[in-house]
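Trainee: What follows is coords20.tsv, made up of TSV, C-alpha atoms:
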```tsv
chain	number	residue	atom	x	y	z
G	1	MET	CA	-8.15	-0.88	-42.71
G	2	ILE	CA	-7.77	-3.64	-40.15
G	3	SER	CA	-11.24	-4.67	-39.05
G	4	ALA	CA	-10.36	-7.00	-36.16
G	5	GLY	CA	-13.57	-8.84	-37.05
G	6	ILE	CA	-15.79	-6.04	-35.73
G	7	SER	CA	-18.84	-5.34	-37.88
G	8	ASN	CA	-19.32	-1.88	-39.35
G	9	ALA	CA	-22.55	-1.54	-37.37
G	10	LYS	CA	-20.77	-2.30	-34.09
G	11	ARG	CA	-17.87	0.03	-34.97
G	12	LYS	CA	-20.31	2.86	-35.72
G	13	ALA	CA	-22.16	2.18	-32.45
G	14	VAL	CA	-18.88	2.53	-30.51
G	15	TYR	CA	-18.06	5.81	-32.31
G	16	LYS	CA	-21.57	7.11	-31.61
G	17	ARG	CA	-21.46	6.11	-27.93
G	18	GLU	CA	-18.23	8.10	-27.49
G	19	GLY	CA	-19.64	11.10	-29.38
G	20	TYR	CA	-17.25	10.54	-32.30
G	21	ARG	CA	-14.31	11.42	-30.01
G	22	CYS	CA	-11.49	9.57	-28.33
G	23	ALA	CA	-12.84	8.40	-24.97
G	24	VAL	CA	-9.53	9.30	-23.29
G	25	CYS	CA	-8.35	12.61	-24.81
G	26	ASP	CA	-11.43	13.87	-26.75
G	27	SER	CA	-9.56	14.05	-30.08
G	28	THR	CA	-11.72	13.64	-33.19
G	29	LYS	CA	-8.83	12.61	-35.45
G	30	TYR	CA	-7.92	9.11	-36.63
G	31	LEU	CA	-10.47	7.26	-34.51
G	32	GLN	CA	-10.10	3.51	-34.01
G	33	VAL	CA	-11.86	0.84	-31.98
G	34	HIS	CA	-9.86	-0.93	-29.27
G	35	HIS	CA	-10.61	-4.08	-27.24
G	36	SER	CA	-10.19	-3.41	-23.51
G	37	ILE	CA	-9.71	-7.10	-22.78
G	38	LYS	CA	-7.88	-8.84	-25.62
G	39	ARG	CA	-9.85	-11.60	-27.31
G	40	SER	CA	-6.90	-13.90	-26.64
G	41	GLN	CA	-7.53	-13.25	-22.92
G	42	GLY	CA	-11.27	-13.96	-23.12
G	43	GLY	CA	-12.54	-10.51	-24.14
G	44	THR	CA	-15.37	-10.32	-26.65
G	45	ASP	CA	-16.52	-8.00	-29.42
G	46	GLY	CA	-19.32	-6.83	-27.10
G	47	MET	CA	-19.89	-3.12	-26.59
G	48	GLN	CA	-18.73	-3.35	-22.98
G	49	ASN	CA	-15.28	-4.44	-24.18
G	50	LEU	CA	-14.85	-1.90	-26.98
G	51	ILE	CA	-13.72	1.72	-26.75
G	52	CYS	CA	-13.10	4.48	-29.29
G	53	LEU	CA	-9.52	5.80	-29.19
G	54	CYS	CA	-7.56	8.18	-31.40
G	55	ALA	CA	-4.48	6.72	-33.09
G	56	ASP	CA	-2.16	8.24	-30.45
G	57	CYS	CA	-4.08	6.82	-27.49
G	58	HIS	CA	-4.52	3.49	-29.30
G	59	ALA	CA	-0.76	3.27	-29.86
G	60	LEU	CA	-0.18	4.03	-26.17
G	61	ALA	CA	-2.70	1.30	-25.24
G	62	HIS	CA	-0.33	-1.05	-27.08
G	63	GLY	CA	2.78	0.36	-25.38
G	64	ILE	CA	3.95	2.87	-28.00
G	65	ASP	CA	4.22	6.51	-26.85
G	66	LEU	CA	4.15	8.40	-30.16
G	67	ASN	CA	4.09	11.85	-28.56
G	68	GLY	CA	6.48	11.53	-25.66
G	69	TRP	CA	3.62	12.01	-23.19
G	70	GLY	CA	5.46	9.99	-20.57
G	71	ALA	CA	2.40	7.84	-19.97
G	72	THR	CA	2.69	4.07	-19.90
G	73	LYS	CA	0.67	1.25	-21.37
G	74	GLU	CA	-0.52	0.53	-17.84
G	75	ASP	CA	-1.71	4.14	-17.43
G	76	MET	CA	-3.75	3.85	-20.62
G	77	GLU	CA	-5.15	0.45	-19.66
G	78	GLN	CA	-6.28	1.93	-16.33
G	79	ALA	CA	-7.95	4.89	-18.07
G	80	ILE	CA	-9.77	2.54	-20.47
G	81	VAL	CA	-11.00	0.22	-17.71
G	82	GLU	CA	-12.16	3.17	-15.60
G	83	TYR	CA	-14.05	4.70	-18.55
G	84	LEU	CA	-15.85	1.48	-19.46
G	85	ALA	CA	-16.51	0.44	-15.87
G	86	ASP	CA	-17.99	3.86	-15.07
G	87	TYR	CA	-20.05	3.94	-18.28
G	88	TYR	CA	-21.61	0.52	-17.67
G	89	ALA	CA	-21.66	0.56	-13.83
G	90	PRO	CA	-22.75	-1.40	-11.93
G	91	ASP	CA	-23.03	-4.17	-14.52
G	92	TRP	CA	-19.79	-3.88	-16.51
G	93	ASN	CA	-18.89	-7.24	-18.07
G	94	PRO	CA	-16.30	-7.10	-20.89
G	95	TRP	CA	-16.34	-10.89	-21.14
G	96	GLY	CA	-20.03	-11.14	-22.03
G	97	LYS	CA	-21.88	-10.57	-25.29
G	98	ASP	CA	-23.96	-7.43	-25.51
G	99	GLY	CA	-25.14	-4.67	-27.80
G	100	PRO	CA	-25.42	-4.59	-31.59
```
How does the structure come out when it is put into structure tokens?
Mentor:
Amino acid sequence: MISAGISNAKRKAVYKREGYRCAVCDSTKYLQVHHSIKRSQGGTDGMQNLICLCADCHALAHGIDLNGWGATKEDMEQAIVEYLADYYAPDWNPWGKDGP
């Protein structure tokens, strides 16, 4: 498993926050943690920058449409930002440290 430097406690907290489901499609299969803002672009490992995605949605977030959904990477990025911004409104800050 690729850990991306995220602790097991933080990973479990993200899964729990999302109800052990993909935050975009509600799938419970092959869950993974994704950074909304890449660390190379200043994003952190804080809870406000992490989201639980299934493998299919995670692939689409990286520009690979495994299922022929016709959605784009930009569509998925928008869905992720909207989810996190709504969840943490009005104080969403994916660049700051927060949570476990």
Trainee: Go through G:Arg21, G:Ser36, G:Gly68, G:Leu31 and flag the residue nearest Gln48 in chain G, using all atoms listed in the file for the distances.
Mentor: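 Looking at the shortest contact to Gln48 in chain G, the residue is G:Ser36.
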Trainee: Within 6 Å of Cys22 in chain G, counting only C-alpha atoms, which residues show up once you throw out same-chain ones fewer than 3 positions away? Write them as a list in words, please.
Mentor: Cys25, Asp26, Ser27, Cys52, Leu53 and Cys54 of chain G
Trainee: Rounded to one decimal, what separation in Å do you get between CA of Pro90 in chain G and CA of Gln32 in chain G?
Mentor: 25.9 Å
Trainee: Please report the interatomic distance between CA of Leu66 in chain G and CA of Ala13 in chain G in Å with one decimal.
Mentor: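 CA of Ala13 in chain G lies 27.1 Å from CA of Leu66 in chain G.
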Trainee: Given the choices G:Ala85, G:Val24, G:Ile6, G:Cys57, which gets closest to Thr72 in chain G if the distance is worked out from only C-alpha atoms?
Mentor: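 Looking at the shortest contact to Thr72 in chain G, the residue is G:Cys57.
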Trainee: Between CA of Ile37 in chain G and CA of Gly19 in chain G, what distance in Å does the model show, to one decimal?
Mentor: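 Rounded to one decimal, the two atoms are 21.8 Å apart.
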Trainee: Point out the residue among G:Tyr30, G:Asn49, G:Asp65, G:Lys38 with the least atom-to-atom distance to Trp92 in chain G, counting all atoms listed in the file.
Mentor: G:Asn49
Trainee: Looking at G:Ala59, G:Val81, G:Thr44, G:Leu50, which one is nearest to Lys12 in chain G, with distances taken over all atoms listed in the file?
Mentor: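 Distance minimum relative to Lys12 in chain G lands on G:Leu50.
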Trainee: Considering all atoms listed in the file, return as a PDB file with C-alpha atoms, keeping the file's coordinate frame whatever protein or nucleic-acid residues lie within 12 Å of Gly5 in chain G, sequence-local ones (same chain, fewer than 2 positions apart) excluded.
Mentor:
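The file below, part_0.pdb, is the result:
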```pdb
ATOM      1  CA  MET G   1      -8.150  -0.880 -42.710  1.00  0.00           C
ATOM      2  CA  ILE G   2      -7.770  -3.640 -40.150  1.00  0.00           C
ATOM      3  CA  SER G   3     -11.240  -4.670 -39.050  1.00  0.00           C
ATOM      4  CA  SER G   7     -18.840  -5.340 -37.880  1.00  0.00           C
ATOM      5  CA  ASN G   8     -19.320  -1.880 -39.350  1.00  0.00           C
ATOM      6  CA  ALA G   9     -22.550  -1.540 -37.370  1.00  0.00           C
ATOM      7  CA  LYS G  10     -20.770  -2.300 -34.090  1.00  0.00           C
ATOM      8  CA  ARG G  11     -17.870   0.030 -34.970  1.00  0.00           C
ATOM      9  CA  VAL G  33     -11.860   0.840 -31.980  1.00  0.00           C
ATOM     10  CA  HIS G  34      -9.860  -0.930 -29.270  1.00  0.00           C
ATOM     11  CA  HIS G  35     -10.610  -4.080 -27.240  1.00  0.00           C
ATOM     12  CA  ARG G  39      -9.850 -11.600 -27.310  1.00  0.00           C
ATOM     13  CA  THR G  44     -15.370 -10.320 -26.650  1.00  0.00           C
ATOM     14  CA  ASP G  45     -16.520  -8.000 -29.420  1.00  0.00           C
ATOM     15  CA  GLY G  46     -19.320  -6.830 -27.100  1.00  0.00           C
TER      16      GLY G  46
END
```
Trainee: Determine the nearest neighbour of Tyr15 in chain G from the options G:Gln41, G:Met47, G:His62, G:Ala71, counting only C-alpha atoms.
Mentor: G:Met47
Trainee: Have a look at G:Ala23, G:Val14, G:Gly43, G:Lys73 and name the one nearest to Trp95 in chain G; count all atoms listed in the file.
Mentor: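 Closest candidate: G:Gly43.
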Trainee: Just write range 5-19 of chain G with all heavy atoms, as a PDB file, in the first residue's frame, taken from the block above.
Mentor:
```pdb
ATOM      1  N   GLY G   5       2.645   9.118   3.206  1.00  0.00           N
ATOM      2  CA  GLY G   5       3.068   9.784   4.431  1.00  0.00           C
ATOM      3  C   GLY G   5       1.941  10.111   5.394  1.00  0.00           C
ATOM      4  O   GLY G   5       2.140  10.849   6.346  1.00  0.00           O
ATOM      5  N   ILE G   6       0.752   9.591   5.160  1.00  0.00           N
ATOM      6  CA  ILE G   6      -0.387   9.858   6.034  1.00  0.00           C
ATOM      7  C   ILE G   6      -0.413   8.782   7.114  1.00  0.00           C
ATOM      8  O   ILE G   6      -0.361   7.589   6.814  1.00  0.00           O
ATOM      9  CB  ILE G   6      -1.712   9.835   5.239  1.00  0.00           C
ATOM     10  CG1 ILE G   6      -1.666  10.862   4.111  1.00  0.00           C
ATOM     11  CG2 ILE G   6      -2.895  10.089   6.148  1.00  0.00           C
ATOM     12  CD1 ILE G   6      -2.782  10.718   3.107  1.00  0.00           C
ATOM     13  N   SER G   7      -0.519   9.191   8.363  1.00  0.00           N
ATOM     14  CA  SER G   7      -0.530   8.223   9.464  1.00  0.00           C
ATOM     15  C   SER G   7      -1.798   7.371   9.402  1.00  0.00           C
ATOM     16  O   SER G   7      -2.821   7.785   8.847  1.00  0.00           O
ATOM     17  CB  SER G   7      -0.474   8.945  10.807  1.00  0.00           C
ATOM     18  OG  SER G   7      -1.702   9.616  11.062  1.00  0.00           O
ATOM     19  N   ASN G   8      -1.712   6.180   9.991  1.00  0.00           N
ATOM     20  CA  ASN G   8      -2.880   5.306  10.033  1.00  0.00           C
ATOM     21  C   ASN G   8      -4.021   5.961  10.799  1.00  0.00           C
ATOM     22  O   ASN G   8      -5.186   5.817  10.421  1.00  0.00           O
ATOM     23  CB  ASN G   8      -2.529   3.958  10.650  1.00  0.00           C
ATOM     24  CG  ASN G   8      -1.780   3.063   9.675  1.00  0.00           C
ATOM     25  OD1 ASN G   8      -1.867   3.245   8.462  1.00  0.00           O
ATOM     26  ND2 ASN G   8      -1.050   2.109  10.200  1.00  0.00           N
ATOM     27  N   ALA G   9      -3.703   6.688  11.857  1.00  0.00           N
ATOM     28  CA  ALA G   9      -4.741   7.365  12.638  1.00  0.00           C
ATOM     29  C   ALA G   9      -5.461   8.411  11.790  1.00  0.00           C
ATOM     30  O   ALA G   9      -6.699   8.508  11.822  1.00  0.00           O
ATOM     31  CB  ALA G   9      -4.130   8.012  13.876  1.00  0.00           C
ATOM     32  N   LYS G  10      -4.716   9.172  11.021  1.00  0.00           N
ATOM     33  CA  LYS G  10      -5.325  10.197  10.158  1.00  0.00           C
ATOM     34  C   LYS G  10      -6.157   9.538   9.063  1.00  0.00           C
ATOM     35  O   LYS G  10      -7.282   9.962   8.777  1.00  0.00           O
ATOM     36  CB  LYS G  10      -4.244  11.085   9.547  1.00  0.00           C
ATOM     37  CG  LYS G  10      -4.741  12.061   8.530  1.00  0.00           C
ATOM     38  CD  LYS G  10      -4.941  13.497   8.942  1.00  0.00           C
ATOM     39  CE  LYS G  10      -4.134  14.014  10.050  1.00  0.00           C
ATOM     40  NZ  LYS G  10      -3.514  15.276   9.824  1.00  0.00           N
ATOM     41  N   ARG G  11      -5.629   8.483   8.456  1.00  0.00           N
ATOM     42  CA  ARG G  11      -6.346   7.761   7.397  1.00  0.00           C
ATOM     43  C   ARG G  11      -7.682   7.232   7.944  1.00  0.00           C
ATOM     44  O   ARG G  11      -8.731   7.408   7.325  1.00  0.00           O
ATOM     45  CB  ARG G  11      -5.462   6.609   6.912  1.00  0.00           C
ATOM     46  CG  ARG G  11      -5.935   5.908   5.675  1.00  0.00           C
ATOM     47  CD  ARG G  11      -4.922   4.847   5.249  1.00  0.00           C
ATOM     48  NE  ARG G  11      -3.608   5.403   5.006  1.00  0.00           N
ATOM     49  CZ  ARG G  11      -3.243   6.063   3.919  1.00  0.00           C
ATOM     50  NH1 ARG G  11      -4.099   6.223   2.945  1.00  0.00           N
ATOM     51  NH2 ARG G  11      -2.023   6.534   3.781  1.00  0.00           N
ATOM     52  N   LYS G  12      -7.644   6.633   9.127  1.00  0.00           N
ATOM     53  CA  LYS G  12      -8.869   6.112   9.737  1.00  0.00           C
ATOM     54  C   LYS G  12      -9.844   7.239  10.055  1.00  0.00           C
ATOM     55  O   LYS G  12     -11.061   7.064   9.915  1.00  0.00           O
ATOM     56  CB  LYS G  12      -8.531   5.322  11.003  1.00  0.00           C
ATOM     57  CG  LYS G  12      -7.864   3.994  10.696  1.00  0.00           C
ATOM     58  CD  LYS G  12      -7.463   3.273  11.964  1.00  0.00           C
ATOM     59  CE  LYS G  12      -6.720   1.986  11.641  1.00  0.00           C
ATOM     60  NZ  LYS G  12      -6.281   1.277  12.852  1.00  0.00           N
ATOM     61  N   ALA G  13      -9.340   8.389  10.461  1.00  0.00           N
ATOM     62  CA  ALA G  13     -10.208   9.536  10.758  1.00  0.00           C
ATOM     63  C   ALA G  13     -10.913  10.027   9.491  1.00  0.00           C
ATOM     64  O   ALA G  13     -12.092  10.404   9.529  1.00  0.00           O
ATOM     65  CB  ALA G  13      -9.395  10.666  11.391  1.00  0.00           C
ATOM     66  N   VAL G  14     -10.210  10.012   8.359  1.00  0.00           N
ATOM     67  CA  VAL G  14     -10.826  10.413   7.088  1.00  0.00           C
ATOM     68  C   VAL G  14     -11.904   9.409   6.708  1.00  0.00           C
ATOM     69  O   VAL G  14     -13.019   9.796   6.336  1.00  0.00           O
ATOM     70  CB  VAL G  14      -9.765  10.551   5.968  1.00  0.00           C
ATOM     71  CG1 VAL G  14     -10.422  10.810   4.618  1.00  0.00           C
ATOM     72  CG2 VAL G  14      -8.776  11.653   6.297  1.00  0.00           C
ATOM     73  N   TYR G  15     -11.604   8.102   6.808  1.00  0.00           N
ATOM     74  CA  TYR G  15     -12.604   7.078   6.488  1.00  0.00           C
ATOM     75  C   TYR G  15     -13.843   7.250   7.372  1.00  0.00           C
ATOM     76  O   TYR G  15     -14.970   7.198   6.891  1.00  0.00           O
ATOM     77  CB  TYR G  15     -12.044   5.671   6.700  1.00  0.00           C
ATOM     78  CG  TYR G  15     -10.950   5.253   5.749  1.00  0.00           C
ATOM     79  CD1 TYR G  15      -9.992   4.329   6.137  1.00  0.00           C
ATOM     80  CD2 TYR G  15     -10.869   5.757   4.458  1.00  0.00           C
ATOM     81  CE1 TYR G  15      -8.990   3.915   5.280  1.00  0.00           C
ATOM     82  CE2 TYR G  15      -9.862   5.354   3.592  1.00  0.00           C
ATOM     83  CZ  TYR G  15      -8.928   4.429   4.009  1.00  0.00           C
ATOM     84  OH  TYR G  15      -7.945   4.029   3.159  1.00  0.00           O
ATOM     85  N   LYS G  16     -13.609   7.466   8.666  1.00  0.00           N
ATOM     86  CA  LYS G  16     -14.721   7.619   9.612  1.00  0.00           C
ATOM     87  C   LYS G  16     -15.560   8.855   9.280  1.00  0.00           C
ATOM     88  O   LYS G  16     -16.792   8.802   9.297  1.00  0.00           O
ATOM     89  CB  LYS G  16     -14.193   7.709  11.033  1.00  0.00           C
ATOM     90  CG  LYS G  16     -15.278   7.770  12.073  1.00  0.00           C
ATOM     91  CD  LYS G  16     -14.709   7.773  13.475  1.00  0.00           C
ATOM     92  CE  LYS G  16     -15.836   7.839  14.492  1.00  0.00           C
ATOM     93  NZ  LYS G  16     -15.302   7.843  15.852  1.00  0.00           N
ATOM     94  N   ARG G  17     -14.894   9.985   8.995  1.00  0.00           N
ATOM     95  CA  ARG G  17     -15.613  11.212   8.665  1.00  0.00           C
ATOM     96  C   ARG G  17     -16.551  10.998   7.482  1.00  0.00           C
ATOM     97  O   ARG G  17     -17.670  11.505   7.456  1.00  0.00           O
ATOM     98  CB  ARG G  17     -14.614  12.333   8.348  1.00  0.00           C
ATOM     99  CG  ARG G  17     -15.289  13.663   7.979  1.00  0.00           C
ATOM    100  CD  ARG G  17     -14.306  14.686   7.472  1.00  0.00           C
ATOM    101  NE  ARG G  17     -13.784  14.276   6.169  1.00  0.00           N
ATOM    102  CZ  ARG G  17     -12.663  14.753   5.644  1.00  0.00           C
ATOM    103  NH1 ARG G  17     -11.932  15.644   6.291  1.00  0.00           N
ATOM    104  NH2 ARG G  17     -12.251  14.331   4.465  1.00  0.00           N
ATOM    105  N   GLU G  18     -16.118  10.231   6.485  1.00  0.00           N
ATOM    106  CA  GLU G  18     -16.914   9.992   5.293  1.00  0.00           C
ATOM    107  C   GLU G  18     -17.881   8.818   5.458  1.00  0.00           C
ATOM    108  O   GLU G  18     -18.555   8.433   4.510  1.00  0.00           O
ATOM    109  CB  GLU G  18     -15.990   9.713   4.092  1.00  0.00           C
ATOM    110  CG  GLU G  18     -15.739  10.902   3.196  1.00  0.00           C
ATOM    111  CD  GLU G  18     -14.887  11.989   3.807  1.00  0.00           C
ATOM    112  OE1 GLU G  18     -15.438  12.775   4.591  1.00  0.00           O
ATOM    113  OE2 GLU G  18     -13.700  12.086   3.489  1.00  0.00           O
ATOM    114  N   GLY G  19     -17.934   8.237   6.656  1.00  0.00           N
ATOM    115  CA  GLY G  19     -18.847   7.116   6.890  1.00  0.00           C
ATOM    116  C   GLY G  19     -18.407   5.847   6.196  1.00  0.00           C
ATOM    117  O   GLY G  19     -19.237   5.011   5.840  1.00  0.00           O
TER     118      GLY G  19
END
```
